[in-house]
Amino acid sequence: MQLTAGQNISINRLSPESKIVDVSLVWEPRDTPLELDASAFCLTAAGTVRGDEDFVFYNNPRTQDGSVTRDNRGQVFSLSLESIPSAIEKVAITATIHEGQKRGQSFSNLPKFTSHLRDGKSKELIASYDVDTASLKETALIVAEVYRRNNEWKFRAIGQGFVGGLAPLATNFGITVAEPEPPTSAPPLQPAPPQPAASPPPQPVPPSPPAPPPRSSVPPTTAPSSVRLSKITLEKKGQAVSLEKKGSSFGEITVNLNWSSQPTRSRGILDGIFGGKGPGIDLDLGCLFELKDGKASGIQALGNQFGRYDQLPYIQLMGDDRTGTVSAGETLRINGRYFDVFERILIYAFIYEGVPNWSHADGRVTVTIPGQPTLEVHLDNHRNDMPMCAIAMIENEQGNIRVTKLAEYYQSHMPMDRAYGFGLQWRAGSKD
Amino acid sequence: MAVSLSKGEKVSLQKVAPGLSKAHIGLGWDERATDGSDFDLDASAFLCDASGKVRGDGDFIFYNNLKSNDGSIEHTGDNLTGEGEGDDEVLRVNLPSVPPDIAKIVFTVTIHEADQRKQNFGMVQNAFIRIVDENTKGEVLRYDLSEDYSTETAMVFGELYRHNDEWKFSAVGQGYAGGLGAMAKQYGVNI
């Protein structure tokens, strides 16, 4: 049965045997760049949740009693109609576009958005509702409701939403929404102003989480700028419900280093012809990491420590561009599904051969986390006397990713390690 | 204690509110809490004779004709957004002054520009009609019709009608497609 917005049907009459019903959300195109999150709100007669546990979403896949659950793919809600507590009058099925407003996205970007109501056991279709997305400027949508009426369960097609996204939607359902994070997350990482030549040596940073405290010896203008990459935080006063995505849903985190190297380093037979033109710059990307269990190590081309993506350390260095002419530069892949194992990851670059000349290299590092704004760090805080640059610290802050720009320069691996307290053993190495 | 009616039920005002003369007919609904086009719902009344039609266009009480010729029924004005507590729109009926050839007064609510805005009653929550005794301020009866509609764009909420020299109220809850124009035509208004 095909429903239009506003229409309701009796589940008990259309499908008397159904003890469990599935409400699924499907959309086209499947590979949409929109990041969609499906949530269910279990509501009392007042139209609000009893508490945070009545909000079923990516951080809370089931209600306490298990009467409403969300599948692993986050697209199907199963409702055990007879187990839903009598205090719950209706279950609102919703979809939201993460940061949709910020990215100028809305449900009108999806040519097709459908909700199917099925028997939970036989999976037989009871009703479908095609949301008329064409005119929907909203980024949060109440798709449908399953509700009680005179001792029966009904299903209503809704298709109404909120422009502001998940926050006004959750507020509508009685969840107290904390103010958004201060706008530290709005601009990408800003390059710190150049340090004076006589800047104090880098101070060690306490290795313990969550975040290094501000260093009082450094003027605020040169303090590391910090960007919180969490999802919108919805917090009840006092006890918190966090919408921040846990490690399992970060996907692939990539750290890319790119630079322009002028002049290009010549090789092989061309050495004889262009040998006198002077060497180009070979920038290497690497990281030091510390796991939750205290183990620490590093990933870099030097010493052939390329790591592994699908097993520990869940970090892999892709290739080694020794000229900067490969447009992709160098990339570290961090497996966000296992972000839980990490305590922190220090991203660095160093000039393997050639005169340390950061100003010529014009290096830039981008950190990409699916569904998050891309962070870019320019290596423009030059210290041409030092070949090593600590670029950024990625920390696991209670399951959330916190990135802090460092842009600190060092003579070699060892003093950098010492500055951040990873405590590794270092020896000279070569890539060849 | 007000009488609560279900769709199709009828009640004698004599029984539930003896001595009621000035009736405050309150109609209400809850707007969407969500974003999108506003809902503009209009309450109207049709004074019909025994044939079930208006005697003339003056018997059609709506936002452009707020008072019947004899003054027995008055619309207190249009609420453009439906915001505010309680009744969204109110019509006042002085029962003893209603002309004797008026057999029933039909109370309707229609959604303005429903087609353009792609709206229907299924998107409106907690719709009701109630009668309050203006003298005692007490609520006499109430009919909540939220579940008695779906994709209609015009609804007859209820009717006051004469039966053996007394006024009765019927909880109609009947929906129609079309808007106020279609509704008015049905009751014999020249549109």
# chains A, B, ... in the order shown; residues from 1 in each chain; ligands from 1

call {"tool": "closest_atom_pairs", "arguments": {"of": "chain B", "to": "chain A", "cutoff": "6 Å", "atoms": "only C-alpha atoms", "output": "JSON lines"}}
result
{"residue": "B:Thr34", "atom": "CA", "partner": "A:Gly161", "partner_atom": "CA", "distance": 5.1}
{"residue": "B:Asp35", "atom": "CA", "partner": "A:Phe162", "partner_atom": "CA", "distance": 4.9}
{"residue": "B:Gly122", "atom": "CA", "partner": "A:Gly6", "partner_atom": "CA", "distance": 3.6}
{"residue": "B:Met123", "atom": "CA", "partner": "A:Gly6", "partner_atom": "CA", "distance": 4.8}
{"residue": "B:Ser150", "atom": "CA", "partner": "A:Gln7", "partner_atom": "CA", "distance": 4.7}
{"residue": "B:Thr151", "atom": "CA", "partner": "A:Gln7", "partner_atom": "CA", "distance": 5.4}

call {"tool": "closest_residue", "arguments": {"among": "A:Leu166, A:Leu110, A:Met388, A:Ile93", "to": "A:Pro29", "atoms": "only C-alpha atoms"}}
result
A:Leu110

call {"tool": "residues_around", "arguments": {"residues": "stretch 154-159 of chain B", "least_positions_apart": "2", "cutoff": "6 Å", "atoms": "only C-alpha atoms", "output": "ChimeraX atom specification"}}
result
/B:105-110,152,169-176,179

call {"tool": "atom_distance", "arguments": {"atom1": "atom CA of A:Ile401", "atom2": "atom CA of A:Ala38"}}
result
22.0 Å

call {"tool": "closest_residue", "arguments": {"among": "B:Gly178, B:Leu27, B:Ala17, B:Gly8", "to": "B:Gly138", "atoms": "only C-alpha atoms"}}
result
B:Ala17

call {"tool": "select_by_dssp", "arguments": {"residues": "chain B", "states": "strand (DSSP E or B)", "output": "CSV table (one decimal) with C-alpha atoms, in the first residue's frame"}}
result
chain,number,residue,atom,x,y,z
B,3,VAL,CA,-18.9,15.6,27.5
B,4,SER,CA,-16.4,14.0,25.2
B,5,LEU,CA,-17.8,12.9,21.9
B,10,LYS,CA,-24.9,13.2,19.0
B,11,VAL,CA,-25.8,14.9,22.2
B,12,SER,CA,-28.7,17.1,23.3
B,22,LYS,CA,-24.8,32.0,24.2
B,23,ALA,CA,-22.5,29.3,22.9
B,24,HIS,CA,-18.9,29.8,22.3
B,25,ILE,CA,-17.8,27.4,19.6
B,26,GLY,CA,-14.1,26.9,19.8
B,27,LEU,CA,-12.1,25.1,17.1
B,28,GLY,CA,-8.5,24.3,17.5
B,29,TRP,CA,-5.6,22.4,16.0
B,30,ASP,CA,-1.9,22.1,16.5
B,35,ASP,CA,9.8,24.0,9.4
B,41,LEU,CA,-6.6,26.9,8.6
B,42,ASP,CA,-9.9,28.7,8.4
B,43,ALA,CA,-13.0,27.9,10.4
B,44,SER,CA,-16.4,28.7,8.8
B,45,ALA,CA,-20.0,28.2,9.5
B,46,PHE,CA,-22.9,27.5,7.2
B,47,LEU,CA,-26.5,28.3,8.3
B,48,CYS,CA,-28.7,25.9,6.5
B,54,VAL,CA,-27.9,28.2,2.8
B,60,PHE,CA,-22.0,31.7,4.9
B,61,ILE,CA,-19.9,32.9,7.9
B,62,PHE,CA,-16.2,33.1,7.2
B,65,ASN,CA,-18.3,37.8,6.3
B,67,LYS,CA,-21.4,38.1,11.1
B,73,ILE,CA,-23.8,34.1,14.8
B,74,GLU,CA,-20.5,35.9,14.8
B,75,HIS,CA,-17.0,34.8,13.8
B,89,GLU,CA,-10.8,30.3,16.1
B,90,VAL,CA,-14.0,31.0,17.8
B,91,LEU,CA,-17.6,31.5,16.6
B,92,ARG,CA,-20.3,32.8,18.9
B,93,VAL,CA,-23.8,31.6,18.5
B,94,ASN,CA,-26.8,33.2,20.3
B,104,LYS,CA,-28.6,23.5,11.3
B,105,ILE,CA,-25.4,25.3,11.6
B,106,VAL,CA,-22.4,23.4,10.1
B,107,PHE,CA,-18.9,24.2,11.4
B,108,THR,CA,-16.1,23.5,9.0
B,109,VAL,CA,-12.4,23.9,8.9
B,110,THR,CA,-10.5,24.1,5.6
B,111,ILE,CA,-6.8,24.4,4.8
B,125,GLN,CA,-2.5,17.3,15.1
B,126,ASN,CA,-5.0,17.5,18.0
B,127,ALA,CA,-7.9,19.1,16.1
B,128,PHE,CA,-11.0,19.6,18.2
B,129,ILE,CA,-14.3,21.4,18.4
B,130,ARG,CA,-15.8,22.3,21.7
B,131,ILE,CA,-18.7,24.3,23.1
B,132,VAL,CA,-18.3,26.6,26.0
B,133,ASP,CA,-21.2,28.2,27.8
B,139,GLU,CA,-16.9,23.6,28.7
B,140,VAL,CA,-20.1,21.8,27.7
B,141,LEU,CA,-18.7,19.3,25.2
B,142,ARG,CA,-15.7,18.5,23.2
B,143,TYR,CA,-15.0,16.4,20.2
B,144,ASP,CA,-11.3,15.5,19.4
B,154,ALA,CA,-11.6,20.2,4.3
B,155,MET,CA,-13.4,18.9,7.3
B,156,VAL,CA,-16.9,19.2,8.8
B,157,PHE,CA,-16.0,19.3,12.5
B,158,GLY,CA,-19.5,19.3,13.8
B,159,GLU,CA,-23.1,20.5,13.5
B,160,LEU,CA,-25.6,22.2,15.7
B,161,TYR,CA,-29.1,21.2,14.6
B,162,ARG,CA,-32.7,21.5,15.7
B,163,HIS,CA,-34.5,18.4,16.8
B,166,GLU,CA,-34.1,21.7,21.1
B,167,TRP,CA,-30.6,22.1,19.9
B,168,LYS,CA,-28.4,19.1,19.5
B,169,PHE,CA,-24.8,18.7,18.5
B,170,SER,CA,-23.4,16.1,16.2
B,171,ALA,CA,-19.7,15.2,16.1
B,172,VAL,CA,-19.4,14.8,12.3
B,173,GLY,CA,-15.7,14.5,11.5
B,174,GLN,CA,-16.3,14.1,7.8
B,175,GLY,CA,-13.5,15.0,5.5
B,176,TYR,CA,-13.5,16.2,1.9

call {"tool": "closest_residue", "arguments": {"among": "A:Lys90, A:Leu25, A:Ile299, A:Thr44", "to": "A:Leu117", "atoms": "only C-alpha atoms"}}
result
A:Leu25

call {"tool": "atom_distance", "arguments": {"atom1": "atom CA of A:Val26", "atom2": "atom CA of A:Phe250"}}
result
21.6 Å

call {"tool": "residues_around", "arguments": {"residues": "stretch 77-79 of chain A", "least_positions_apart": "2", "cutoff": "8 Å", "atoms": "only C-alpha atoms", "output": "VMD selection string"}}
result
chain A and resid 20 to 24 40 67 to 71 74 to 75 81 84 120

call {"tool": "write_last_selection", "arguments": {"atoms": "C-alpha atoms", "output": "CSV table (one decimal), in the first residue's frame"}}
result
chain,number,residue,atom,x,y,z
A,20,ILE,CA,7.2,-7.0,15.2
A,21,VAL,CA,7.3,-4.4,12.4
A,22,ASP,CA,10.4,-3.1,10.6
A,23,VAL,CA,10.5,0.5,9.5
A,24,SER,CA,13.3,0.9,6.9
A,40,ALA,CA,14.0,6.8,16.4
A,67,SER,CA,11.5,-3.1,22.2
A,68,VAL,CA,13.0,-0.7,19.6
A,69,THR,CA,16.2,-1.5,17.9
A,70,ARG,CA,18.3,-0.1,15.1
A,71,ASP,CA,20.2,-2.4,12.7
A,74,GLY,CA,21.5,2.2,10.6
A,75,GLN,CA,18.6,2.0,8.2
A,81,LEU,CA,4.9,-3.7,19.3
A,84,ILE,CA,6.8,-1.3,23.8
A,120,GLY,CA,9.4,-8.1,11.1

call {"tool": "residues_around", "arguments": {"residues": "A:Gly251", "least_positions_apart": "6", "cutoff": "8 Å", "atoms": "only C-alpha atoms", "output": "list in words"}}
result
Asn335, Gly336, Arg337, Ile369 and Pro370 of chain A

call {"tool": "atom_distance", "arguments": {"atom1": "atom CA of A:Phe289", "atom2": "atom CA of A:Met393"}}
result
9.6 Å

call {"tool": "decode", "arguments": {"residues": "stretch 16-66 of chain A", "atoms": "N, CA and C atoms", "output": "PDB file, in the first residue's frame"}}
result
ATOM      1  N   PRO A  16      -2.615  -8.295  10.737  1.00  0.00           N
ATOM      2  CA  PRO A  16      -2.979  -8.685  12.113  1.00  0.00           C
ATOM      3  C   PRO A  16      -1.947  -9.570  12.797  1.00  0.00           C
ATOM      4  N   GLU A  17      -1.157 -10.292  12.009  1.00  0.00           N
ATOM      5  CA  GLU A  17      -0.209 -11.224  12.619  1.00  0.00           C
ATOM      6  C   GLU A  17       1.070 -10.532  13.094  1.00  0.00           C
ATOM      7  N   SER A  18       1.262  -9.307  12.695  1.00  0.00           N
ATOM      8  CA  SER A  18       2.555  -8.673  12.950  1.00  0.00           C
ATOM      9  C   SER A  18       2.752  -8.342  14.425  1.00  0.00           C
ATOM     10  N   LYS A  19       3.716  -9.042  15.029  1.00  0.00           N
ATOM     11  CA  LYS A  19       4.088  -8.725  16.413  1.00  0.00           C
ATOM     12  C   LYS A  19       5.275  -7.759  16.410  1.00  0.00           C
ATOM     13  N   ILE A  20       6.064  -7.905  15.374  1.00  0.00           N
ATOM     14  CA  ILE A  20       7.219  -7.019  15.185  1.00  0.00           C
ATOM     15  C   ILE A  20       7.052  -6.367  13.814  1.00  0.00           C
ATOM     16  N   VAL A  21       7.304  -5.075  13.749  1.00  0.00           N
ATOM     17  CA  VAL A  21       7.335  -4.437  12.434  1.00  0.00           C
ATOM     18  C   VAL A  21       8.696  -3.785  12.233  1.00  0.00           C
ATOM     19  N   ASP A  22       9.123  -3.782  10.988  1.00  0.00           N
ATOM     20  CA  ASP A  22      10.358  -3.101  10.612  1.00  0.00           C
ATOM     21  C   ASP A  22       9.999  -1.826   9.850  1.00  0.00           C
ATOM     22  N   VAL A  23      10.606  -0.746  10.237  1.00  0.00           N
ATOM     23  CA  VAL A  23      10.479   0.483   9.456  1.00  0.00           C
ATOM     24  C   VAL A  23      11.860   0.767   8.886  1.00  0.00           C
ATOM     25  N   SER A  24      11.966   0.734   7.560  1.00  0.00           N
ATOM     26  CA  SER A  24      13.276   0.947   6.948  1.00  0.00           C
ATOM     27  C   SER A  24      13.270   2.252   6.173  1.00  0.00           C
ATOM     28  N   LEU A  25      14.443   2.819   6.029  1.00  0.00           N
ATOM     29  CA  LEU A  25      14.617   4.040   5.258  1.00  0.00           C
ATOM     30  C   LEU A  25      15.600   3.742   4.139  1.00  0.00           C
ATOM     31  N   VAL A  26      15.196   4.017   2.915  1.00  0.00           N
ATOM     32  CA  VAL A  26      16.093   3.813   1.774  1.00  0.00           C
ATOM     33  C   VAL A  26      16.047   5.067   0.917  1.00  0.00           C
ATOM     34  N   TRP A  27      17.165   5.327   0.256  1.00  0.00           N
ATOM     35  CA  TRP A  27      17.232   6.540  -0.552  1.00  0.00           C
ATOM     36  C   TRP A  27      18.101   6.315  -1.767  1.00  0.00           C
ATOM     37  N   GLU A  28      17.923   7.184  -2.726  1.00  0.00           N
ATOM     38  CA  GLU A  28      18.734   7.170  -3.934  1.00  0.00           C
ATOM     39  C   GLU A  28      19.263   8.575  -4.181  1.00  0.00           C
ATOM     40  N   PRO A  29      20.474   8.733  -4.697  1.00  0.00           N
ATOM     41  CA  PRO A  29      21.377   7.623  -5.022  1.00  0.00           C
ATOM     42  C   PRO A  29      22.025   7.037  -3.772  1.00  0.00           C
ATOM     43  N   ARG A  30      22.409   5.768  -3.891  1.00  0.00           N
ATOM     44  CA  ARG A  30      22.998   5.098  -2.744  1.00  0.00           C
ATOM     45  C   ARG A  30      24.334   5.714  -2.349  1.00  0.00           C
ATOM     46  N   ASP A  31      25.044   6.248  -3.342  1.00  0.00           N
ATOM     47  CA  ASP A  31      26.370   6.789  -3.038  1.00  0.00           C
ATOM     48  C   ASP A  31      26.310   8.310  -2.849  1.00  0.00           C
ATOM     49  N   THR A  32      25.207   8.782  -2.327  1.00  0.00           N
ATOM     50  CA  THR A  32      25.067  10.218  -2.111  1.00  0.00           C
ATOM     51  C   THR A  32      26.174  10.729  -1.189  1.00  0.00           C
ATOM     52  N   PRO A  33      26.674  11.928  -1.468  1.00  0.00           N
ATOM     53  CA  PRO A  33      27.657  12.500  -0.545  1.00  0.00           C
ATOM     54  C   PRO A  33      27.018  12.951   0.772  1.00  0.00           C
ATOM     55  N   LEU A  34      25.698  12.977   0.827  1.00  0.00           N
ATOM     56  CA  LEU A  34      25.032  13.360   2.065  1.00  0.00           C
ATOM     57  C   LEU A  34      25.296  12.296   3.129  1.00  0.00           C
ATOM     58  N   GLU A  35      25.595  12.745   4.325  1.00  0.00           N
ATOM     59  CA  GLU A  35      25.797  11.786   5.414  1.00  0.00           C
ATOM     60  C   GLU A  35      24.511  11.697   6.223  1.00  0.00           C
ATOM     61  N   LEU A  36      23.798  10.595   6.008  1.00  0.00           N
ATOM     62  CA  LEU A  36      22.474  10.454   6.605  1.00  0.00           C
ATOM     63  C   LEU A  36      22.523   9.611   7.864  1.00  0.00           C
ATOM     64  N   ASP A  37      21.822  10.066   8.867  1.00  0.00           N
ATOM     65  CA  ASP A  37      21.706   9.319  10.120  1.00  0.00           C
ATOM     66  C   ASP A  37      20.229   9.090  10.405  1.00  0.00           C
ATOM     67  N   ALA A  38      19.879   7.867  10.701  1.00  0.00           N
ATOM     68  CA  ALA A  38      18.496   7.549  11.050  1.00  0.00           C
ATOM     69  C   ALA A  38      18.390   7.388  12.563  1.00  0.00           C
ATOM     70  N   SER A  39      17.344   7.951  13.136  1.00  0.00           N
ATOM     71  CA  SER A  39      17.125   7.862  14.573  1.00  0.00           C
ATOM     72  C   SER A  39      15.657   7.591  14.835  1.00  0.00           C
ATOM     73  N   ALA A  40      15.379   7.001  15.997  1.00  0.00           N
ATOM     74  CA  ALA A  40      13.992   6.812  16.423  1.00  0.00           C
ATOM     75  C   ALA A  40      13.836   7.426  17.807  1.00  0.00           C
ATOM     76  N   PHE A  41      12.714   8.101  18.006  1.00  0.00           N
ATOM     77  CA  PHE A  41      12.413   8.692  19.301  1.00  0.00           C
ATOM     78  C   PHE A  41      11.154   8.021  19.846  1.00  0.00           C
ATOM     79  N   CYS A  42      11.263   7.428  21.041  1.00  0.00           N
ATOM     80  CA  CYS A  42      10.098   6.815  21.672  1.00  0.00           C
ATOM     81  C   CYS A  42       9.458   7.866  22.573  1.00  0.00           C
ATOM     82  N   LEU A  43       8.202   8.193  22.300  1.00  0.00           N
ATOM     83  CA  LEU A  43       7.599   9.376  22.894  1.00  0.00           C
ATOM     84  C   LEU A  43       6.389   9.034  23.749  1.00  0.00           C
ATOM     85  N   THR A  44       6.227   9.771  24.820  1.00  0.00           N
ATOM     86  CA  THR A  44       5.050   9.628  25.664  1.00  0.00           C
ATOM     87  C   THR A  44       3.908  10.435  25.065  1.00  0.00           C
ATOM     88  N   ALA A  45       2.771  10.414  25.767  1.00  0.00           N
ATOM     89  CA  ALA A  45       1.622  11.170  25.278  1.00  0.00           C
ATOM     90  C   ALA A  45       1.939  12.650  25.162  1.00  0.00           C
ATOM     91  N   ALA A  46       2.909  13.118  25.944  1.00  0.00           N
ATOM     92  CA  ALA A  46       3.293  14.532  25.879  1.00  0.00           C
ATOM     93  C   ALA A  46       4.115  14.842  24.640  1.00  0.00           C
ATOM     94  N   GLY A  47       4.473  13.804  23.887  1.00  0.00           N
ATOM     95  CA  GLY A  47       5.255  14.039  22.675  1.00  0.00           C
ATOM     96  C   GLY A  47       6.739  14.167  22.926  1.00  0.00           C
ATOM     97  N   THR A  48       7.174  13.733  24.112  1.00  0.00           N
ATOM     98  CA  THR A  48       8.590  13.840  24.443  1.00  0.00           C
ATOM     99  C   THR A  48       9.119  12.503  24.942  1.00  0.00           C
ATOM    100  N   VAL A  49      10.444  12.388  24.938  1.00  0.00           N
ATOM    101  CA  VAL A  49      11.065  11.169  25.452  1.00  0.00           C
ATOM    102  C   VAL A  49      10.997  11.161  26.980  1.00  0.00           C
ATOM    103  N   ARG A  50      11.062   9.947  27.560  1.00  0.00           N
ATOM    104  CA  ARG A  50      11.131   9.859  29.018  1.00  0.00           C
ATOM    105  C   ARG A  50      12.552  10.132  29.484  1.00  0.00           C
ATOM    106  N   GLY A  51      13.481   9.783  28.644  1.00  0.00           N
ATOM    107  CA  GLY A  51      14.886   9.960  28.992  1.00  0.00           C
ATOM    108  C   GLY A  51      15.727   9.630  27.780  1.00  0.00           C
ATOM    109  N   ASP A  52      17.026   9.777  27.948  1.00  0.00           N
ATOM    110  CA  ASP A  52      17.939   9.601  26.818  1.00  0.00           C
ATOM    111  C   ASP A  52      17.829   8.219  26.189  1.00  0.00           C
ATOM    112  N   GLU A  53      17.484   7.207  27.003  1.00  0.00           N
ATOM    113  CA  GLU A  53      17.460   5.844  26.477  1.00  0.00           C
ATOM    114  C   GLU A  53      16.323   5.652  25.468  1.00  0.00           C
ATOM    115  N   ASP A  54      15.395   6.596  25.430  1.00  0.00           N
ATOM    116  CA  ASP A  54      14.301   6.503  24.453  1.00  0.00           C
ATOM    117  C   ASP A  54      14.690   7.049  23.079  1.00  0.00           C
ATOM    118  N   PHE A  55      15.917   7.486  22.986  1.00  0.00           N
ATOM    119  CA  PHE A  55      16.443   8.059  21.749  1.00  0.00           C
ATOM    120  C   PHE A  55      17.372   7.004  21.134  1.00  0.00           C
ATOM    121  N   VAL A  56      16.916   6.362  20.069  1.00  0.00           N
ATOM    122  CA  VAL A  56      17.664   5.256  19.460  1.00  0.00           C
ATOM    123  C   VAL A  56      18.392   5.807  18.241  1.00  0.00           C
ATOM    124  N   PHE A  57      19.709   5.782  18.300  1.00  0.00           N
ATOM    125  CA  PHE A  57      20.502   6.366  17.220  1.00  0.00           C
ATOM    126  C   PHE A  57      21.858   5.686  17.198  1.00  0.00           C
ATOM    127  N   TYR A  58      22.801   6.256  16.448  1.00  0.00           N
ATOM    128  CA  TYR A  58      24.045   5.529  16.229  1.00  0.00           C
ATOM    129  C   TYR A  58      24.845   5.254  17.486  1.00  0.00           C
ATOM    130  N   ASN A  59      24.618   6.011  18.531  1.00  0.00           N
ATOM    131  CA  ASN A  59      25.334   5.723  19.775  1.00  0.00           C
ATOM    132  C   ASN A  59      24.496   4.905  20.744  1.00  0.00           C
ATOM    133  N   ASN A  60      23.253   4.637  20.404  1.00  0.00           N
ATOM    134  CA  ASN A  60      22.360   3.899  21.295  1.00  0.00           C
ATOM    135  C   ASN A  60      21.436   3.060  20.418  1.00  0.00           C
ATOM    136  N   PRO A  61      21.901   1.881  19.987  1.00  0.00           N
ATOM    137  CA  PRO A  61      21.167   1.132  18.964  1.00  0.00           C
ATOM    138  C   PRO A  61      19.894   0.446  19.471  1.00  0.00           C
ATOM    139  N   ARG A  62      19.585   0.522  20.748  1.00  0.00           N
ATOM    140  CA  ARG A  62      18.345  -0.096  21.216  1.00  0.00           C
ATOM    141  C   ARG A  62      17.859   0.592  22.478  1.00  0.00           C
ATOM    142  N   THR A  63      16.559   0.509  22.699  1.00  0.00           N
ATOM    143  CA  THR A  63      16.029   1.003  23.961  1.00  0.00           C
ATOM    144  C   THR A  63      16.430   0.027  25.060  1.00  0.00           C
ATOM    145  N   GLN A  64      16.324   0.482  26.301  1.00  0.00           N
ATOM    146  CA  GLN A  64      16.745  -0.352  27.418  1.00  0.00           C
ATOM    147  C   GLN A  64      16.047  -1.715  27.418  1.00  0.00           C
ATOM    148  N   ASP A  65      14.747  -1.710  27.110  1.00  0.00           N
ATOM    149  CA  ASP A  65      13.990  -2.962  27.133  1.00  0.00           C
ATOM    150  C   ASP A  65      14.080  -3.722  25.809  1.00  0.00           C
ATOM    151  N   GLY A  66      14.761  -3.156  24.836  1.00  0.00           N
ATOM    152  CA  GLY A  66      14.944  -3.850  23.571  1.00  0.00           C
ATOM    153  C   GLY A  66      13.733  -3.819  22.658  1.00  0.00           C
TER     154      GLY A  66
END
